[in-house]
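Below: data.csv (CSV, C-alpha atoms)
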chain,number,residue,atom,x,y,z
T,311,MET,CA,18.3,-5.6,-11.1
T,312,THR,CA,22.0,-5.4,-10.8
T,313,ALA,CA,23.5,-5.2,-7.3
T,314,SER,CA,26.7,-3.8,-5.8
T,315,SER,CA,27.9,-4.0,-2.3
T,316,SER,CA,28.9,-0.4,-1.9
T,317,PRO,CA,28.3,2.9,-3.8
T,318,ALA,CA,30.7,3.9,-6.5
T,319,THR,CA,31.2,7.6,-6.7
T,320,GLY,CA,31.8,9.6,-9.8
T,321,THR,CA,30.1,7.0,-12.1
T,322,CYS,CA,29.0,8.0,-15.5
T,323,ARG,CA,25.4,8.1,-16.6
T,324,PRO,CA,23.7,8.1,-20.0
T,325,GLU,CA,23.5,11.5,-21.5
T,326,SER,CA,20.5,13.6,-20.3
T,327,LYS,CA,19.2,10.9,-17.9
T,328,LEU,CA,18.0,11.9,-14.5
T,329,ARG,CA,19.7,9.9,-11.8
T,330,ILE,CA,17.1,8.9,-9.2
T,331,VAL,CA,18.1,7.4,-5.8
T,332,VAL,CA,15.2,5.4,-4.4
T,333,ASN,CA,15.5,5.2,-0.7
T,334,GLY,CA,14.3,1.7,0.2
T,335,ALA,CA,15.5,1.8,3.8
T,336,HIS,CA,11.9,1.4,5.2
T,337,ALA,CA,10.7,-1.2,2.6
T,338,LYS,CA,10.8,-4.2,4.9
T,339,SER,CA,7.3,-5.7,4.8
T,340,GLY,CA,3.8,-5.2,3.5
T,341,GLY,CA,2.7,-2.3,1.3
T,342,GLY,CA,6.2,-0.7,1.2
T,343,VAL,CA,7.7,-3.8,-0.4
T,344,THR,CA,4.7,-4.4,-2.7
T,345,TYR,CA,4.8,-0.8,-3.9
T,346,LEU,CA,8.5,-0.9,-4.9
T,347,ARG,CA,8.3,-4.4,-6.5
T,348,ARG,CA,5.5,-3.3,-8.7
T,349,LEU,CA,6.5,0.3,-9.4
T,350,LEU,CA,10.2,0.0,-10.2
T,351,PRO,CA,9.9,-2.2,-13.3
T,352,GLU,CA,7.4,0.3,-14.7
T,353,LEU,CA,9.5,3.3,-13.8
T,354,ALA,CA,12.5,1.6,-15.5
T,355,LYS,CA,10.6,1.8,-18.8
T,356,GLN,CA,10.8,5.6,-18.6
T,357,PRO,CA,13.7,6.3,-21.0
T,358,ASP,CA,15.0,9.4,-19.2
T,359,LEU,CA,15.3,7.9,-15.7
T,360,ASP,CA,18.5,6.2,-14.3
T,361,LEU,CA,17.2,4.3,-11.2
T,362,HIS,CA,19.4,3.4,-8.2
T,363,LEU,CA,17.7,1.5,-5.3
T,364,PHE,CA,19.4,1.9,-2.0
T,365,LEU,CA,18.8,-1.1,0.4
T,366,HIS,CA,20.3,-2.6,3.5
T,367,ARG,CA,22.0,-5.9,2.6
T,368,ASP,CA,19.3,-7.9,4.5
T,369,GLN,CA,16.6,-6.4,2.3
T,370,LEU,CA,17.9,-7.9,-0.9
T,371,SER,CA,15.8,-11.1,-0.6
T,372,LEU,CA,12.6,-9.0,-0.6
T,373,PHE,CA,13.4,-7.8,-4.2
T,374,PRO,CA,14.2,-11.1,-6.1
T,375,ALA,CA,12.7,-10.2,-9.5
T,376,ALA,CA,15.2,-8.8,-11.9
T,377,SER,CA,14.4,-5.5,-13.6
T,378,ASP,CA,16.4,-4.0,-16.4
T,379,GLY,CA,17.3,-0.4,-15.7
T,380,VAL,CA,17.3,-0.6,-11.9
T,381,LYS,CA,20.7,-0.7,-10.1
T,382,VAL,CA,20.6,-2.0,-6.5
T,383,ARG,CA,23.2,-0.7,-4.0
T,384,LEU,CA,23.6,-2.6,-0.8
T,385,PHE,CA,24.7,-1.1,2.6
T,386,ASP,CA,25.8,-2.6,5.9
T,387,TYR,CA,24.7,-0.2,8.6
T,388,ASP,CA,23.1,-1.5,11.8
T,389,PRO,CA,19.5,-2.2,10.7
T,390,GLY,CA,17.9,-1.2,14.0
T,391,PHE,CA,15.3,1.6,14.0
T,392,TRP,CA,17.4,4.5,15.3
T,393,SER,CA,20.6,3.5,13.5
T,394,THR,CA,18.6,3.2,10.2
T,395,LEU,CA,17.1,6.7,10.9
T,396,LEU,CA,20.6,8.1,11.5
T,397,TRP,CA,22.0,6.5,8.3
T,398,GLU,CA,19.1,7.8,6.3
T,399,GLN,CA,19.3,11.3,7.6
T,400,PHE,CA,23.1,11.8,7.4
T,401,SER,CA,24.8,9.2,5.3
T,402,LEU,CA,22.3,8.7,2.5
T,403,PRO,CA,22.2,12.4,1.5
T,404,ARG,CA,26.0,12.5,1.4
T,405,ILE,CA,26.3,9.4,-0.7
T,406,ALA,CA,23.5,10.5,-3.1
T,407,ARG,CA,25.2,13.9,-3.6
T,408,ALA,CA,28.6,12.2,-4.2
T,409,GLU,CA,27.0,10.0,-6.9
T,410,GLY,CA,25.4,13.0,-8.6
T,411,ALA,CA,21.8,12.1,-7.8
T,412,ASP,CA,19.3,14.5,-9.3
T,413,VAL,CA,16.5,13.4,-7.0
T,414,VAL,CA,16.1,11.2,-3.9
T,415,PHE,CA,12.8,9.5,-3.7
T,416,SER,CA,11.6,8.0,-0.4
T,417,PRO,CA,8.5,5.9,-0.8
T,418,ALA,CA,7.5,6.5,2.8
T,419,ASN,CA,6.0,9.3,4.8
T,420,PHE,CA,9.4,10.6,5.7
T,421,GLY,CA,13.0,10.5,4.5
T,422,PRO,CA,16.3,12.4,4.7
T,423,VAL,CA,15.4,16.1,5.2
T,424,PHE,CA,18.8,17.2,4.0
T,425,ALA,CA,18.7,15.3,0.7
T,426,ARG,CA,18.8,17.3,-2.5
T,427,ASN,CA,15.5,17.4,-4.4
T,428,HIS,CA,13.8,15.0,-2.0
T,429,VAL,CA,10.4,13.5,-2.9
T,430,ILE,CA,8.3,11.6,-0.3
T,431,LEU,CA,5.3,9.3,-0.6
T,432,LEU,CA,2.4,10.0,1.8
T,433,ARG,CA,1.0,6.5,2.4
T,434,ASN,CA,0.9,5.7,6.1
T,435,ALA,CA,-2.2,7.2,7.9
T,436,THR,CA,-1.0,8.9,11.0
T,437,SER,CA,-4.6,9.2,12.1
T,438,VAL,CA,-4.3,5.7,13.4
T,439,ILE,CA,-3.0,7.4,16.6
T,440,ARG,CA,-6.7,7.9,17.6
T,441,LEU,CA,-7.0,4.1,17.9
T,442,ALA,CA,-3.8,3.6,20.0
T,443,THR,CA,-4.5,2.3,23.5
T,444,ARG,CA,-0.9,1.4,24.5
T,445,LEU,CA,2.1,3.6,25.1
T,446,ARG,CA,4.4,2.1,22.6
T,447,PRO,CA,2.1,2.4,19.5
T,448,LEU,CA,1.1,5.9,20.7
T,449,LEU,CA,4.7,7.0,20.8
T,450,TYR,CA,5.4,5.4,17.4
T,451,TRP,CA,2.5,7.3,15.7
T,452,LEU,CA,3.5,10.5,17.4
T,453,LEU,CA,7.0,10.1,16.1
T,454,LEU,CA,5.8,9.2,12.6
T,455,SER,CA,3.5,12.3,12.6
T,456,ALA,CA,6.4,14.6,13.5
T,457,ALA,CA,8.7,13.0,10.9
T,458,THR,CA,6.0,13.2,8.2
T,459,PHE,CA,5.4,16.9,8.9
T,460,ALA,CA,9.2,17.7,8.9
T,461,SER,CA,9.7,15.8,5.7
T,462,LEU,CA,6.8,17.4,4.0
T,463,VAL,CA,8.1,20.9,4.9
T,464,PHE,CA,11.6,20.2,3.7
T,465,SER,CA,10.8,18.0,0.6
T,466,LYS,CA,10.9,19.4,-2.9
T,467,ARG,CA,7.8,17.4,-3.9
T,468,ALA,CA,5.4,15.0,-2.2
T,469,ILE,CA,3.1,12.3,-3.7
T,470,ALA,CA,-0.1,11.3,-1.9
T,471,VAL,CA,-1.6,7.9,-2.7
T,472,SER,CA,-5.1,9.3,-2.5
T,473,ASP,CA,-7.1,12.5,-1.9
T,474,TYR,CA,-7.8,11.2,1.6
T,475,ALA,CA,-4.0,10.8,2.2
T,476,ALA,CA,-3.4,14.3,0.9
T,477,ARG,CA,-6.0,15.7,3.3
T,478,ILE,CA,-5.0,13.9,6.5
T,479,LEU,CA,-1.2,13.9,6.0
T,480,THR,CA,-1.0,17.6,5.5
T,481,PHE,CA,-2.4,18.1,9.0
T,482,GLY,CA,-5.1,20.6,7.9
T,483,LEU,CA,-2.6,22.7,5.9
T,484,ARG,CA,-3.1,21.2,2.4
T,485,PRO,CA,-3.5,24.7,0.8
T,486,LEU,CA,0.0,25.6,2.1
T,487,PHE,CA,1.5,22.6,0.4
T,488,ARG,CA,-0.6,22.6,-2.8
T,489,ARG,CA,2.4,23.6,-5.1
T,490,LYS,CA,4.5,20.6,-4.0
T,491,LEU,CA,1.7,18.0,-3.5
T,492,THR,CA,0.4,15.6,-6.2
T,493,VAL,CA,-2.1,12.7,-5.8
T,494,VAL,CA,-1.0,9.6,-7.6
T,495,HIS,CA,-3.1,6.5,-7.0
T,496,HIS,CA,-1.6,3.0,-6.7
T,497,GLY,CA,-1.9,0.6,-9.6
T,498,THR,CA,-2.3,-3.1,-9.8
T,499,PRO,CA,-1.3,-5.7,-12.3
T,500,GLU,CA,-3.9,-7.0,-14.8
T,501,PRO,CA,-4.8,-10.5,-13.6
T,502,GLU,CA,-4.2,-13.4,-16.0
T,503,ARG,CA,-7.8,-14.6,-15.4
T,504,ARG,CA,-11.0,-13.2,-13.9
T,505,ARG,CA,-13.9,-14.7,-12.0
T,506,THR,CA,-16.6,-16.3,-14.0
T,507,ALA,CA,-18.8,-17.7,-11.3
T,508,ASN,CA,-20.2,-14.7,-9.4
T,509,GLY,CA,-23.7,-15.9,-10.0
T,510,GLU,CA,-23.1,-19.2,-8.3
T,511,ALA,CA,-24.0,-19.8,-4.6
T,512,GLY,CA,-21.0,-20.1,-2.2
T,513,THR,CA,-20.1,-19.9,1.4
T,514,SER,CA,-16.6,-18.3,1.6
T,515,LEU,CA,-15.8,-14.8,2.8
T,516,LEU,CA,-12.3,-13.4,2.2
T,517,ALA,CA,-10.4,-10.6,3.9
T,518,VAL,CA,-6.8,-9.6,3.1
T,519,SER,CA,-4.4,-7.3,4.9
T,520,ASP,CA,-1.8,-7.4,7.6
T,521,ILE,CA,-3.4,-7.4,11.0
T,522,TYR,CA,-3.4,-4.0,12.8
T,523,VAL,CA,-6.0,-2.4,15.0
T,524,GLN,CA,-7.2,-0.1,12.1
T,525,LYS,CA,-8.0,-3.2,10.0
T,526,ASN,CA,-11.1,-3.6,12.2
T,527,TYR,CA,-11.1,-7.4,12.2
T,528,HIS,CA,-12.7,-7.7,15.6
T,529,ALA,CA,-15.9,-6.1,14.0
T,530,LEU,CA,-15.6,-8.4,11.0
T,531,VAL,CA,-15.6,-11.5,13.1
T,532,GLU,CA,-18.6,-10.2,15.1
T,533,ALA,CA,-20.5,-9.6,11.9
T,534,PHE,CA,-19.4,-13.1,10.7
T,535,ALA,CA,-20.8,-14.7,13.9
T,536,GLU,CA,-24.1,-13.0,13.2
T,537,LEU,CA,-24.2,-14.2,9.6
T,538,ARG,CA,-23.4,-17.8,10.7
T,539,LYS,CA,-26.7,-17.9,12.7
T,540,THR,CA,-28.6,-18.2,9.4
T,541,ARG,CA,-25.7,-19.5,7.3
T,542,PRO,CA,-24.0,-22.2,9.3
T,543,ASP,CA,-21.8,-23.3,6.4
T,544,LEU,CA,-20.3,-19.9,6.0
T,545,THR,CA,-16.4,-19.6,6.3
T,546,LEU,CA,-14.1,-16.6,6.7
T,547,THR,CA,-10.5,-16.6,5.5
T,548,ILE,CA,-8.2,-13.9,6.8
T,549,VAL,CA,-4.9,-13.5,4.9
T,550,GLY,CA,-2.1,-11.3,6.4
T,551,ARG,CA,0.8,-11.1,8.8
T,552,GLU,CA,0.0,-10.6,12.5
T,553,ILE,CA,2.0,-7.4,12.7
T,554,ASP,CA,0.3,-6.1,15.9
T,555,SER,CA,0.5,-9.2,18.0
T,556,VAL,CA,-1.5,-7.8,20.8
T,557,TYR,CA,-4.4,-6.9,18.6
T,558,ALA,CA,-4.1,-10.2,16.6
T,559,SER,CA,-4.4,-12.1,19.9
T,560,ALA,CA,-7.5,-10.1,20.8
T,561,VAL,CA,-9.1,-11.0,17.5
T,562,ARG,CA,-8.3,-14.7,17.9
T,563,SER,CA,-9.8,-14.5,21.4
T,564,ARG,CA,-12.9,-12.9,20.1
T,565,VAL,CA,-13.2,-15.7,17.5
T,566,ASP,CA,-13.1,-18.2,20.3
T,567,ASP,CA,-15.6,-16.3,22.5
T,568,LEU,CA,-18.1,-16.2,19.6
T,569,GLY,CA,-17.8,-19.9,19.0
T,570,VAL,CA,-16.7,-19.6,15.3
T,571,ALA,CA,-13.2,-20.9,15.6
T,572,ASP,CA,-14.0,-23.8,13.4
T,573,ALA,CA,-15.0,-21.5,10.5
T,574,VAL,CA,-12.4,-18.7,10.7
T,575,ARG,CA,-9.1,-19.4,9.1
T,576,PHE,CA,-6.0,-17.3,9.6
T,577,HIS,CA,-3.6,-17.8,6.8
T,578,GLY,CA,-0.8,-15.4,7.6
T,579,HIS,CA,1.4,-14.4,4.6
T,580,ILE,CA,0.9,-16.5,1.4
T,581,ASP,CA,2.5,-16.3,-2.0
T,582,SER,CA,1.0,-14.4,-4.9
T,583,GLU,CA,-0.3,-17.4,-6.8
T,584,GLU,CA,-2.2,-18.7,-3.7
T,585,LEU,CA,-3.6,-15.3,-3.0
T,586,ASN,CA,-4.8,-14.9,-6.6
T,587,THR,CA,-6.6,-18.2,-6.3
T,588,LEU,CA,-8.4,-16.9,-3.2
T,589,TYR,CA,-9.4,-13.7,-5.0
T,590,GLU,CA,-10.7,-15.8,-7.9
T,591,THR,CA,-12.7,-18.3,-5.8
T,592,CYS,CA,-14.1,-16.4,-2.7
T,593,HIS,CA,-17.8,-15.8,-2.7
T,594,VAL,CA,-17.5,-12.2,-1.2
T,595,PHE,CA,-14.5,-10.1,-0.5
T,596,VAL,CA,-14.8,-7.9,2.6
T,597,PHE,CA,-12.6,-4.9,3.5
T,598,PRO,CA,-13.6,-3.5,6.9
T,599,SER,CA,-10.8,-1.0,7.7
T,600,THR,CA,-11.5,2.1,9.6
T,601,VAL,CA,-8.3,3.9,8.5
T,602,GLU,CA,-6.7,3.4,5.1
T,603,THR,CA,-4.9,5.7,2.7
T,604,PHE,CA,-5.6,3.5,-0.3
T,605,GLY,CA,-6.2,-0.2,0.2
T,606,ASN,CA,-4.1,-2.4,-2.2
T,607,PRO,CA,-6.0,-5.6,-1.4
T,608,LEU,CA,-9.3,-3.9,-2.2
T,609,LEU,CA,-8.0,-2.9,-5.6
T,610,GLU,CA,-6.5,-6.4,-6.2
T,611,ALA,CA,-9.9,-8.0,-5.4
T,612,MET,CA,-11.6,-5.5,-7.8
T,613,SER,CA,-9.2,-6.4,-10.6
T,614,PHE,CA,-10.4,-10.0,-10.3
T,615,GLY,CA,-14.1,-8.9,-10.5
T,616,ALA,CA,-14.9,-10.1,-7.0
T,617,PRO,CA,-18.2,-9.0,-5.4
T,618,ILE,CA,-17.1,-6.6,-2.7
T,619,SER,CA,-18.5,-5.2,0.5
T,620,CYS,CA,-16.2,-2.6,2.1
T,621,SER,CA,-15.9,0.2,4.6
T,622,ASN,CA,-17.3,3.6,3.6
T,623,SER,CA,-14.6,5.5,5.5
T,624,ALA,CA,-11.2,6.9,4.7
T,625,ALA,CA,-10.0,6.2,1.1
T,626,MET,CA,-12.2,3.3,0.3
T,627,PRO,CA,-15.0,5.2,-1.4
T,628,GLU,CA,-12.4,6.9,-3.5
T,629,VAL,CA,-11.1,3.5,-4.7
T,630,ILE,CA,-14.2,1.5,-5.1
T,631,GLY,CA,-16.7,4.1,-6.3
T,632,ASP,CA,-20.0,2.5,-6.9
T,633,ALA,CA,-18.5,-1.0,-7.6
T,634,GLY,CA,-19.4,-2.5,-4.3
T,635,LEU,CA,-21.6,-2.3,-1.3
T,636,THR,CA,-20.2,-0.1,1.5
T,637,PHE,CA,-21.0,-0.1,5.2
T,638,ASP,CA,-20.2,1.9,8.3
T,639,PRO,CA,-17.2,0.0,9.7
T,640,ARG,CA,-18.2,0.9,13.3
T,641,ASP,CA,-21.8,-0.5,12.8
T,642,THR,CA,-21.7,-4.3,12.9
T,643,ALA,CA,-25.4,-4.5,12.0
T,644,ASP,CA,-24.8,-2.5,8.8
T,645,MET,CA,-21.8,-4.7,7.9
T,646,VAL,CA,-24.0,-7.8,8.4
T,647,ARG,CA,-26.7,-6.3,6.2
T,648,LYS,CA,-24.4,-5.4,3.3
T,649,ILE,CA,-22.6,-8.8,3.3
T,650,GLU,CA,-25.9,-10.6,3.5
T,651,ASN,CA,-27.2,-8.6,0.5
T,652,LEU,CA,-24.4,-9.9,-1.6
T,653,LEU,CA,-24.7,-13.5,-0.3
T,654,ALA,CA,-28.4,-13.6,-1.1
T,655,ASP,CA,-28.5,-11.8,-4.5
T,656,SER,CA,-26.7,-13.5,-7.4
T,657,ALA,CA,-27.7,-10.8,-9.9
T,658,LEU,CA,-26.1,-8.2,-7.6
T,659,ARG,CA,-22.9,-10.1,-7.3
T,660,ILE,CA,-22.6,-10.4,-11.1
T,661,GLN,CA,-23.4,-6.7,-11.6
T,662,LEU,CA,-20.9,-5.4,-8.9
T,663,GLY,CA,-18.2,-7.9,-10.0
T,664,GLU,CA,-18.3,-6.5,-13.5
T,665,LYS,CA,-18.3,-3.0,-12.2
T,666,ALA,CA,-15.3,-3.7,-10.0
T,667,ALA,CA,-13.3,-5.2,-12.8
T,668,ARG,CA,-14.0,-2.2,-15.0
T,669,ARG,CA,-13.1,0.3,-12.3
T,670,ALA,CA,-9.9,-1.5,-11.5
T,671,ARG,CA,-8.7,-0.9,-15.1
T,672,GLU,CA,-8.5,2.8,-14.2
T,673,PHE,CA,-5.7,2.0,-11.7
T,674,THR,CA,-2.9,0.7,-13.9
T,675,LEU,CA,0.7,0.4,-12.9
T,676,ALA,CA,1.7,2.2,-16.1
T,677,ARG,CA,-0.4,5.2,-15.2
T,678,THR,CA,1.1,5.2,-11.7
T,679,ALA,CA,4.6,5.0,-13.0
T,680,ALA,CA,4.1,7.8,-15.6
T,681,SER,CA,2.6,10.1,-13.0
T,682,THR,CA,5.3,9.3,-10.5
T,683,ALA,CA,8.0,10.0,-13.1
T,684,GLU,CA,6.5,13.4,-13.8
T,685,VAL,CA,6.8,14.3,-10.2
T,686,LEU,CA,10.4,13.2,-10.1
T,687,ARG,CA,11.1,15.3,-13.2
T,688,ALA,CA,9.4,18.2,-11.6
T,689,ALA,CA,11.6,17.9,-8.5
T,690,ALA,CA,14.7,18.0,-10.7
T,691,GLY,CA,13.3,20.9,-12.7
T,692,ARG,CA,12.6,18.9,-15.8
T,693,ARG,CA,8.8,18.8,-15.9
T,694,GLY,CA,7.4,17.2,-19.1
T,695,ARG,CA,10.7,16.0,-20.4
T,696,ASN,CA,9.6,12.4,-20.7
T,697,ARG,CA,11.7,11.2,-23.6
T,698,GLY,CA,15.1,12.2,-22.2
T,699,GLU,CA,15.6,15.0,-24.6
T,700,PRO,CA,18.8,17.1,-23.9

structure tokens encoding of this file:
Amino acid sequence: MTASSSPATGTCRPESKLRIVVNGAHAKSGGGVTYLRRLLPELAKQPDLDLHLFLHRDQLSLFPAASDGVKVRLFDYDPGFWSTLLWEQFSLPRIARAEGADVVFSPANFGPVFARNHVILLRNATSVIRLATRLRPLLYWLLLSAATFASLVFSKRAIAVSDYAARILTFGLRPLFRRKLTVVHHGTPEPERRRTANGEAGTSLLAVSDIYVQKNYHALVEAFAELRKTRPDLTLTIVGREIDSVYASAVRSRVDDLGVADAVRFHGHIDSEELNTLYETCHVFVFPSTVETFGNPLLEAMSFGAPISCSNSAAMPEVIGDAGLTFDPRDTADMVRKIENLLADSALRIQLGEKAARRAREFTLARTAASTAEVLRAAAGRRGRNRGEP
């Protein structure tokens, strides 16, 4: 990527290329950063797209990998929530228009409603509001819901990361938005190596995702405590940032109350290589979320061919298909049964691991980028012009 400190107006572009401004203002952690870091290099391979990533200066460290064809523009506005929102709504559209942007792409539920040919990405499940028990999270999800709906109304096109996301983030009005809405699943890189030991006995469970209430970790540790009664050597590793500190503290307290603190390991954020090693070596991967518009860690574990037990709610059945054992995330006994089935049956682990790896190959980054590029072309009125023809 090439970076500049401020936008240059009136710059020239290659003949017939679409100038795409990617609004990265909200890509500060987790899935938003992962999405852009994976997608942008693939989008840059589209010969008719001229990509410009708009970031706050403090975000540059989150995007260290160079990518030919992506120009990074850095800005110095106050990075607070409300000031970022004001900059996004009023300054970004003006700058993008001055630079001759054909499309503004916001890889978040909302973005600048006044931007020309605006495309949003429906990826944050506002239905989490049903789980909110404190005022601040409740107000946050109410605001996000309102911003999502307003952006959906004013956007030129919208991408939903799953059919589930398309259903819940159109607020019961999906037929009204059918002309502008396209489902484009996330993709994941092909791992350099896959698991070869699914038939071997083991004692390690792995769960991956930043810690929020919808991740349902309290139910997972309760199921783990039940499993430990007959499998005292079993361990549980949880990888992810403690974003919701109140909920994370409650989960840790539950671990202590259940007497399994010696067997539950909280790893926080770890680098990609260490995470890949955990995907490759865990005995069973567990994904217990109650609300999820896609589930990137689930797809990542699938790509390694891990034996998987996951929630049967939200978008998880859409992602995993029949390549794992699913459970009711609100039924701890069901979770225990499904995990135990995998722990006890080596043939089942082998079968489902192979299925998971095959299914993961359907979710490629190249396919995600190609489908996203088509939506961006459509927003600019150039549907199907994928070779940059004049």

**Prompt:** Which residue gives the smallest distance to T:Ser437 among T:Lys381, T:Thr600, T:Lys539, T:Leu544, with all atoms listed in the file counted?
**Reply:**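 When distances to T:Ser437 are compared using all atoms listed in the file, the smallest one comes from T:Thr600.
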
**Message:** Which residues are close to T:Ala411, i.e. within 12 Å by only C-alpha atoms, leaving aside same-chain residues fewer than 3 positions away? Reply as JSON, numbers by chain.
**Reply:** {"T": [317, 319, 320, 321, 322, 323, 327, 328, 329, 330, 331, 332, 333, 359, 360, 361, 362, 363, 364, 402, 403, 404, 405, 406, 407, 408, 414, 415, 425, 426, 427, 428, 686, 689, 690]}

**Message:** Need the shell around T:Leu462: protein/DNA/RNA residues with any atom at most 9 Å away, counting all atoms listed in the file. Skip same-chain ones fewer than 3 positions apart. Format as a PyMOL selection string?
**Reply:** chain T and resi 419-420+423+429-430+432+457-459+465-468+479-480+487+490

**Asked** What does the distance between atom CA of T:Glu510 and atom CA of T:Pro598 come to in Å, to one decimal place?
**Response** 23.8 Å

**Item:** Separation of atom CA of T:Val556 from atom CA of T:Glu532, in Å and rounded to one decimal
**Value:** 18.2 Å

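Nearest to T:Ala470 of all the residues T:Ala625, T:Leu585, T:Cys620, T:Leu370 is T:Ala625, based on only C-alpha atoms.
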
**Request:** Please indicate the distance in Å from atom CA of T:Arg640 to atom CA of T:Gly605, rounded to one decimal place.
**Result:**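 Separating atom CA of T:Arg640 from atom CA of T:Gly605 is a distance of 17.8 Å.
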
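Counting only C-alpha atoms, the residue from T:Ala654, T:Leu486, T:Val493, T:Leu346 that sits nearest to T:Arg541 is T:Ala654.
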
**Item:** Which residue of T:Asn651, T:Gln661, T:Thr642, T:Thr603 approaches T:Pro627 most closely, using all atoms listed in the file
**Value:**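 Among the listed residues, the smallest separation from T:Pro627 belongs to T:Thr603.
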
**Exercise: T:Ala354 partners within 9 Å, only C-alpha atoms, chain neighbours under 6 positions left out, as a PyMOL selection string** = chain T and resi 360-361+377-380+679

**Prompt:** Using only C-alpha atoms, which of T:Ser472, T:Thr682, T:Thr443, T:Gln524 sits nearest T:Val629?
**Reply:**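 Closest to T:Val629, using only C-alpha atoms: T:Ser472.
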